[in-house]
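Here is the structure we will look at.
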Amino acid sequence: MVGDRWALLIVRMLKDGPLRFTELRRTIDGISQRMLTVTLRDLERDGILTRTVRNVMPPHVSYELTAMGRSLREATAPLLEWSITHLPHIDAARTAYDNR
């Protein structure tokens with residue numbers, strides 16, 4: 001899970017409280033709808049977040065970190081910040097390598 005780019009970004013996005021699926025999708029650049037769905041299910045299965053469905057029209061589904069998810073956020077915060085800071089450099093290095 002720690003090596004999963006999307007999982008850690010989702011954990012980071014949920015640090016300030018619950019978000020809806022569309023809010024997560026909008027704030028996480030480059031994630032597809034399918035990958036977001038799969039990653040959210042995996043995180044829910046692992047006990048990192050909870051999924052809440054409100055029976056309104058249309059249904060309102062939100063995601064929130066559990067206590068374990070909040071502790072994961074604290075433990076990985078420096079790694080997350082490093083990743084975000086260096087992501088453009090990593091992408092550039094990968095492109096340069098692939099173009100050799």
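Every chain in the structure tokens takes a letter, A first, then B, and so on in the order presented; its residues are numbered from 1, and the ligands are numbered from 1 following the presented order.
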Write out as a list in words the residues lying within 10 Å of segment 46-61 of chain A, counting only C-alpha atoms and excluding same-chain residues fewer than 4 positions away.
Met1, Ala7, Ile10, Val11, Leu14, Pro18, Leu19, Arg20, Phe21, Thr22, Leu40, Arg41, Asp42, Leu65, Thr66, Ala67, Met68, Gly69, Arg70, Ser71, Leu72 and Arg73 of chain A
Write to file, as a PDB file, in the first residue's frame, the residues of the selection just made, with N, CA, C and O atoms.
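That gives us result.pdb:
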```pdb
ATOM      1  N   MET A   1       0.810  -1.190   0.000  1.00  0.00           N
ATOM      2  CA  MET A   1       0.000   0.000   0.000  1.00  0.00           C
ATOM      3  C   MET A   1       0.862   1.266   0.000  1.00  0.00           C
ATOM      4  O   MET A   1       0.547   2.233  -0.672  1.00  0.00           O
ATOM      5  N   ALA A   7      -3.045   5.290  -3.612  1.00  0.00           N
ATOM      6  CA  ALA A   7      -3.510   5.082  -2.238  1.00  0.00           C
ATOM      7  C   ALA A   7      -3.009   6.181  -1.319  1.00  0.00           C
ATOM      8  O   ALA A   7      -3.771   6.749  -0.525  1.00  0.00           O
ATOM      9  N   ILE A  10      -4.781   9.492  -2.020  1.00  0.00           N
ATOM     10  CA  ILE A  10      -6.136   9.488  -1.476  1.00  0.00           C
ATOM     11  C   ILE A  10      -6.093   9.713   0.031  1.00  0.00           C
ATOM     12  O   ILE A  10      -6.857  10.517   0.570  1.00  0.00           O
ATOM     13  N   VAL A  11      -5.190   9.021   0.710  1.00  0.00           N
ATOM     14  CA  VAL A  11      -5.040   9.216   2.163  1.00  0.00           C
ATOM     15  C   VAL A  11      -4.708  10.676   2.451  1.00  0.00           C
ATOM     16  O   VAL A  11      -5.264  11.278   3.379  1.00  0.00           O
ATOM     17  N   LEU A  14      -7.777  12.967   2.106  1.00  0.00           N
ATOM     18  CA  LEU A  14      -8.802  12.794   3.142  1.00  0.00           C
ATOM     19  C   LEU A  14      -8.354  13.287   4.514  1.00  0.00           C
ATOM     20  O   LEU A  14      -9.087  13.131   5.490  1.00  0.00           O
ATOM     21  N   PRO A  18     -14.054  14.033   5.445  1.00  0.00           N
ATOM     22  CA  PRO A  18     -14.655  13.246   4.363  1.00  0.00           C
ATOM     23  C   PRO A  18     -14.776  14.025   3.064  1.00  0.00           C
ATOM     24  O   PRO A  18     -14.955  15.240   3.067  1.00  0.00           O
ATOM     25  N   LEU A  19     -14.656  13.279   1.970  1.00  0.00           N
ATOM     26  CA  LEU A  19     -14.843  13.826   0.626  1.00  0.00           C
ATOM     27  C   LEU A  19     -15.695  12.869  -0.191  1.00  0.00           C
ATOM     28  O   LEU A  19     -15.661  11.659   0.022  1.00  0.00           O
ATOM     29  N   ARG A  20     -16.401  13.435  -1.149  1.00  0.00           N
ATOM     30  CA  ARG A  20     -17.174  12.611  -2.074  1.00  0.00           C
ATOM     31  C   ARG A  20     -16.266  12.122  -3.198  1.00  0.00           C
ATOM     32  O   ARG A  20     -15.186  12.655  -3.433  1.00  0.00           O
ATOM     33  N   PHE A  21     -16.732  11.091  -3.889  1.00  0.00           N
ATOM     34  CA  PHE A  21     -15.980  10.491  -4.991  1.00  0.00           C
ATOM     35  C   PHE A  21     -15.572  11.553  -6.009  1.00  0.00           C
ATOM     36  O   PHE A  21     -14.415  11.620  -6.420  1.00  0.00           O
ATOM     37  N   THR A  22     -16.533  12.381  -6.409  1.00  0.00           N
ATOM     38  CA  THR A  22     -16.235  13.383  -7.432  1.00  0.00           C
ATOM     39  C   THR A  22     -15.216  14.406  -6.939  1.00  0.00           C
ATOM     40  O   THR A  22     -14.402  14.886  -7.734  1.00  0.00           O
ATOM     41  N   LEU A  40     -10.135   2.966  -3.800  1.00  0.00           N
ATOM     42  CA  LEU A  40     -11.021   3.220  -2.658  1.00  0.00           C
ATOM     43  C   LEU A  40     -11.525   1.910  -2.058  1.00  0.00           C
ATOM     44  O   LEU A  40     -11.562   1.759  -0.835  1.00  0.00           O
ATOM     45  N   ARG A  41     -11.881   0.969  -2.894  1.00  0.00           N
ATOM     46  CA  ARG A  41     -12.334  -0.341  -2.393  1.00  0.00           C
ATOM     47  C   ARG A  41     -11.230  -1.049  -1.624  1.00  0.00           C
ATOM     48  O   ARG A  41     -11.472  -1.639  -0.566  1.00  0.00           O
ATOM     49  N   ASP A  42     -10.014  -1.001  -2.154  1.00  0.00           N
ATOM     50  CA  ASP A  42      -8.882  -1.643  -1.473  1.00  0.00           C
ATOM     51  C   ASP A  42      -8.622  -0.991  -0.119  1.00  0.00           C
ATOM     52  O   ASP A  42      -8.375  -1.684   0.881  1.00  0.00           O
ATOM     53  N   LEU A  65     -11.220   8.855   6.483  1.00  0.00           N
ATOM     54  CA  LEU A  65     -10.186   8.028   7.102  1.00  0.00           C
ATOM     55  C   LEU A  65     -10.676   7.464   8.431  1.00  0.00           C
ATOM     56  O   LEU A  65     -11.348   8.155   9.193  1.00  0.00           O
ATOM     57  N   THR A  66     -10.311   6.232   8.705  1.00  0.00           N
ATOM     58  CA  THR A  66     -10.540   5.627  10.009  1.00  0.00           C
ATOM     59  C   THR A  66      -9.394   6.048  10.926  1.00  0.00           C
ATOM     60  O   THR A  66      -8.460   6.730  10.495  1.00  0.00           O
ATOM     61  N   ALA A  67      -9.444   5.618  12.169  1.00  0.00           N
ATOM     62  CA  ALA A  67      -8.335   5.901  13.092  1.00  0.00           C
ATOM     63  C   ALA A  67      -7.034   5.325  12.534  1.00  0.00           C
ATOM     64  O   ALA A  67      -5.982   5.971  12.589  1.00  0.00           O
ATOM     65  N   MET A  68      -7.112   4.124  11.987  1.00  0.00           N
ATOM     66  CA  MET A  68      -5.918   3.515  11.396  1.00  0.00           C
ATOM     67  C   MET A  68      -5.458   4.316  10.173  1.00  0.00           C
ATOM     68  O   MET A  68      -4.260   4.508   9.955  1.00  0.00           O
ATOM     69  N   GLY A  69      -6.385   4.817   9.385  1.00  0.00           N
ATOM     70  CA  GLY A  69      -6.046   5.638   8.232  1.00  0.00           C
ATOM     71  C   GLY A  69      -5.375   6.940   8.635  1.00  0.00           C
ATOM     72  O   GLY A  69      -4.428   7.394   7.994  1.00  0.00           O
ATOM     73  N   ARG A  70      -5.860   7.542   9.722  1.00  0.00           N
ATOM     74  CA  ARG A  70      -5.225   8.775  10.207  1.00  0.00           C
ATOM     75  C   ARG A  70      -3.807   8.500  10.698  1.00  0.00           C
ATOM     76  O   ARG A  70      -2.898   9.307  10.470  1.00  0.00           O
ATOM     77  N   SER A  71      -3.601   7.356  11.342  1.00  0.00           N
ATOM     78  CA  SER A  71      -2.243   7.033  11.796  1.00  0.00           C
ATOM     79  C   SER A  71      -1.338   6.746  10.596  1.00  0.00           C
ATOM     80  O   SER A  71      -0.157   7.095  10.613  1.00  0.00           O
ATOM     81  N   LEU A  72      -1.883   6.141   9.539  1.00  0.00           N
ATOM     82  CA  LEU A  72      -1.109   5.941   8.305  1.00  0.00           C
ATOM     83  C   LEU A  72      -0.744   7.292   7.699  1.00  0.00           C
ATOM     84  O   LEU A  72       0.391   7.490   7.257  1.00  0.00           O
ATOM     85  N   ARG A  73      -1.664   8.205   7.697  1.00  0.00           N
ATOM     86  CA  ARG A  73      -1.404   9.550   7.164  1.00  0.00           C
ATOM     87  C   ARG A  73      -0.258  10.209   7.919  1.00  0.00           C
ATOM     88  O   ARG A  73       0.643  10.780   7.321  1.00  0.00           O
TER      89      ARG A  73
END
```
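DSSP annotation of chain A from backbone atoms: strand (DSSP E) residues are Leu19, Arg20, Leu49, Thr50, Arg51, Thr52, Val53, Arg54, His60, Val61, Ser62, Tyr63, Glu64 and Leu65 of chain A.
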Please produce a file of those selected residues containing all heavy atoms, as a compact mmCIF listing (two decimals), in the first residue's frame.
```txt
# COMPACT_ATOMS: atom_id res chain seq x y z
N LEU A 19 -14.66 13.28 1.97
CA LEU A 19 -14.84 13.83 0.63
C LEU A 19 -15.70 12.87 -0.19
O LEU A 19 -15.66 11.66 0.02
CB LEU A 19 -13.50 14.03 -0.08
CG LEU A 19 -12.58 15.12 0.44
CD1 LEU A 19 -11.24 15.07 -0.28
CD2 LEU A 19 -13.21 16.49 0.30
N ARG A 20 -16.40 13.43 -1.15
CA ARG A 20 -17.17 12.61 -2.07
C ARG A 20 -16.27 12.12 -3.20
O ARG A 20 -15.19 12.65 -3.43
CB ARG A 20 -18.33 13.43 -2.64
CG ARG A 20 -19.34 13.80 -1.55
CD ARG A 20 -20.47 14.60 -2.09
NE ARG A 20 -21.28 13.75 -2.98
CZ ARG A 20 -22.34 14.19 -3.62
NH1 ARG A 20 -22.74 15.43 -3.50
NH2 ARG A 20 -23.03 13.37 -4.40
N LEU A 49 -10.12 3.43 5.33
CA LEU A 49 -11.19 4.42 5.21
C LEU A 49 -12.55 3.76 5.32
O LEU A 49 -12.67 2.55 5.20
CB LEU A 49 -11.06 5.24 3.92
CG LEU A 49 -11.06 4.52 2.58
CD1 LEU A 49 -12.47 4.16 2.12
CD2 LEU A 49 -10.40 5.39 1.54
N THR A 50 -13.54 4.59 5.55
CA THR A 50 -14.92 4.11 5.57
C THR A 50 -15.68 4.78 4.44
O THR A 50 -15.38 5.91 4.05
CB THR A 50 -15.62 4.44 6.91
OG1 THR A 50 -15.58 5.85 7.12
CG2 THR A 50 -14.98 3.71 8.06
N ARG A 51 -16.66 4.07 3.95
CA ARG A 51 -17.53 4.57 2.88
C ARG A 51 -18.92 4.74 3.47
O ARG A 51 -19.47 3.80 4.05
CB ARG A 51 -17.55 3.54 1.75
CG ARG A 51 -18.44 3.89 0.59
CD ARG A 51 -18.33 2.76 -0.46
NE ARG A 51 -19.06 3.07 -1.64
CZ ARG A 51 -20.30 2.65 -1.89
NH1 ARG A 51 -20.93 1.87 -1.02
NH2 ARG A 51 -20.90 2.99 -3.01
N THR A 52 -19.47 5.93 3.34
CA THR A 52 -20.79 6.23 3.88
C THR A 52 -21.72 6.60 2.73
O THR A 52 -21.40 7.48 1.93
CB THR A 52 -20.73 7.39 4.89
OG1 THR A 52 -19.80 7.05 5.92
CG2 THR A 52 -22.08 7.67 5.49
N VAL A 53 -22.87 5.92 2.68
CA VAL A 53 -23.87 6.19 1.65
C VAL A 53 -25.07 6.84 2.31
O VAL A 53 -25.63 6.28 3.26
CB VAL A 53 -24.30 4.89 0.92
CG1 VAL A 53 -25.34 5.19 -0.15
CG2 VAL A 53 -23.10 4.18 0.33
N ARG A 54 -25.47 8.01 1.82
CA ARG A 54 -26.68 8.68 2.31
C ARG A 54 -27.76 8.47 1.26
O ARG A 54 -27.55 8.74 0.07
CB ARG A 54 -26.42 10.15 2.53
CG ARG A 54 -25.47 10.37 3.68
CD ARG A 54 -25.46 11.82 4.12
NE ARG A 54 -24.52 11.99 5.21
CZ ARG A 54 -23.23 12.26 5.06
NH1 ARG A 54 -22.73 12.40 3.86
NH2 ARG A 54 -22.45 12.39 6.10
N HIS A 60 -25.60 10.01 -2.10
CA HIS A 60 -24.42 10.78 -1.67
C HIS A 60 -23.47 9.80 -0.99
O HIS A 60 -23.78 9.26 0.06
CB HIS A 60 -24.87 11.87 -0.70
CG HIS A 60 -23.75 12.69 -0.16
ND1 HIS A 60 -23.67 14.04 -0.37
CD2 HIS A 60 -22.68 12.38 0.60
CE1 HIS A 60 -22.61 14.52 0.23
NE2 HIS A 60 -21.99 13.52 0.83
N VAL A 61 -22.31 9.55 -1.62
CA VAL A 61 -21.32 8.63 -1.08
C VAL A 61 -20.09 9.43 -0.70
O VAL A 61 -19.57 10.21 -1.50
CB VAL A 61 -20.94 7.54 -2.12
CG1 VAL A 61 -19.89 6.60 -1.54
CG2 VAL A 61 -22.16 6.76 -2.56
N SER A 62 -19.64 9.26 0.54
CA SER A 62 -18.44 9.96 0.97
C SER A 62 -17.46 8.97 1.60
O SER A 62 -17.84 7.88 2.03
CB SER A 62 -18.77 11.08 1.95
OG SER A 62 -19.38 10.57 3.11
N TYR A 63 -16.20 9.37 1.62
CA TYR A 63 -15.12 8.55 2.14
C TYR A 63 -14.40 9.33 3.22
O TYR A 63 -14.18 10.54 3.08
CB TYR A 63 -14.15 8.17 1.02
CG TYR A 63 -14.82 7.36 -0.06
CD1 TYR A 63 -15.44 7.98 -1.13
CD2 TYR A 63 -14.86 5.98 0.02
CE1 TYR A 63 -16.09 7.25 -2.11
CE2 TYR A 63 -15.50 5.23 -0.96
CZ TYR A 63 -16.11 5.87 -2.02
OH TYR A 63 -16.75 5.14 -2.99
N GLU A 64 -14.03 8.62 4.30
CA GLU A 64 -13.36 9.26 5.43
C GLU A 64 -12.33 8.31 6.02
O GLU A 64 -12.54 7.10 6.06
CB GLU A 64 -14.41 9.61 6.49
CG GLU A 64 -13.87 10.35 7.67
CD GLU A 64 -14.98 10.81 8.60
OE1 GLU A 64 -16.10 10.31 8.52
OE2 GLU A 64 -14.69 11.70 9.42
N LEU A 65 -11.22 8.86 6.48
CA LEU A 65 -10.19 8.03 7.10
C LEU A 65 -10.68 7.46 8.43
O LEU A 65 -11.35 8.15 9.19
CB LEU A 65 -8.92 8.84 7.34
CG LEU A 65 -8.15 9.33 6.12
CD1 LEU A 65 -6.98 10.20 6.54
CD2 LEU A 65 -7.68 8.16 5.27
```
Measuring between only C-alpha atoms, which one of A:Ile31, A:Leu80, A:Leu24, A:Leu87 shows the shortest distance to Trp6 of chain A?
A:Ile31
Interatomic distance, atom CA of Thr76 of chain A to atom CA of Arg34 of chain A (Å, one decimal):
24.5 Å
I need the residues of chain A that end up classed as helix (DSSP H, G or I) by DSSP on the backbone, written out as a PyMOL selection string.
chain A and resi 5-16+21-27+33-45+67-98
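Pairwise distance (atom CA of Thr27 of chain A, atom CA of Ser83 of chain A) equals 16.1 Å.
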Point out the residue among A:Leu9, A:Ile84, A:Leu79, A:Ala96 with the least atom-to-atom distance to Thr39 of chain A, counting only C-alpha atoms.
A:Leu9
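Atom pair atom CA of Thr37 of chain A / atom CA of Met13 of chain A: separated by 15.0 Å.
Of the residues listed (A:Leu8, A:Ala77, A:Leu36, A:Ile90), A:Leu36 shows the shortest atom-to-atom separation from Glu23 of chain A; distances use only C-alpha atoms.
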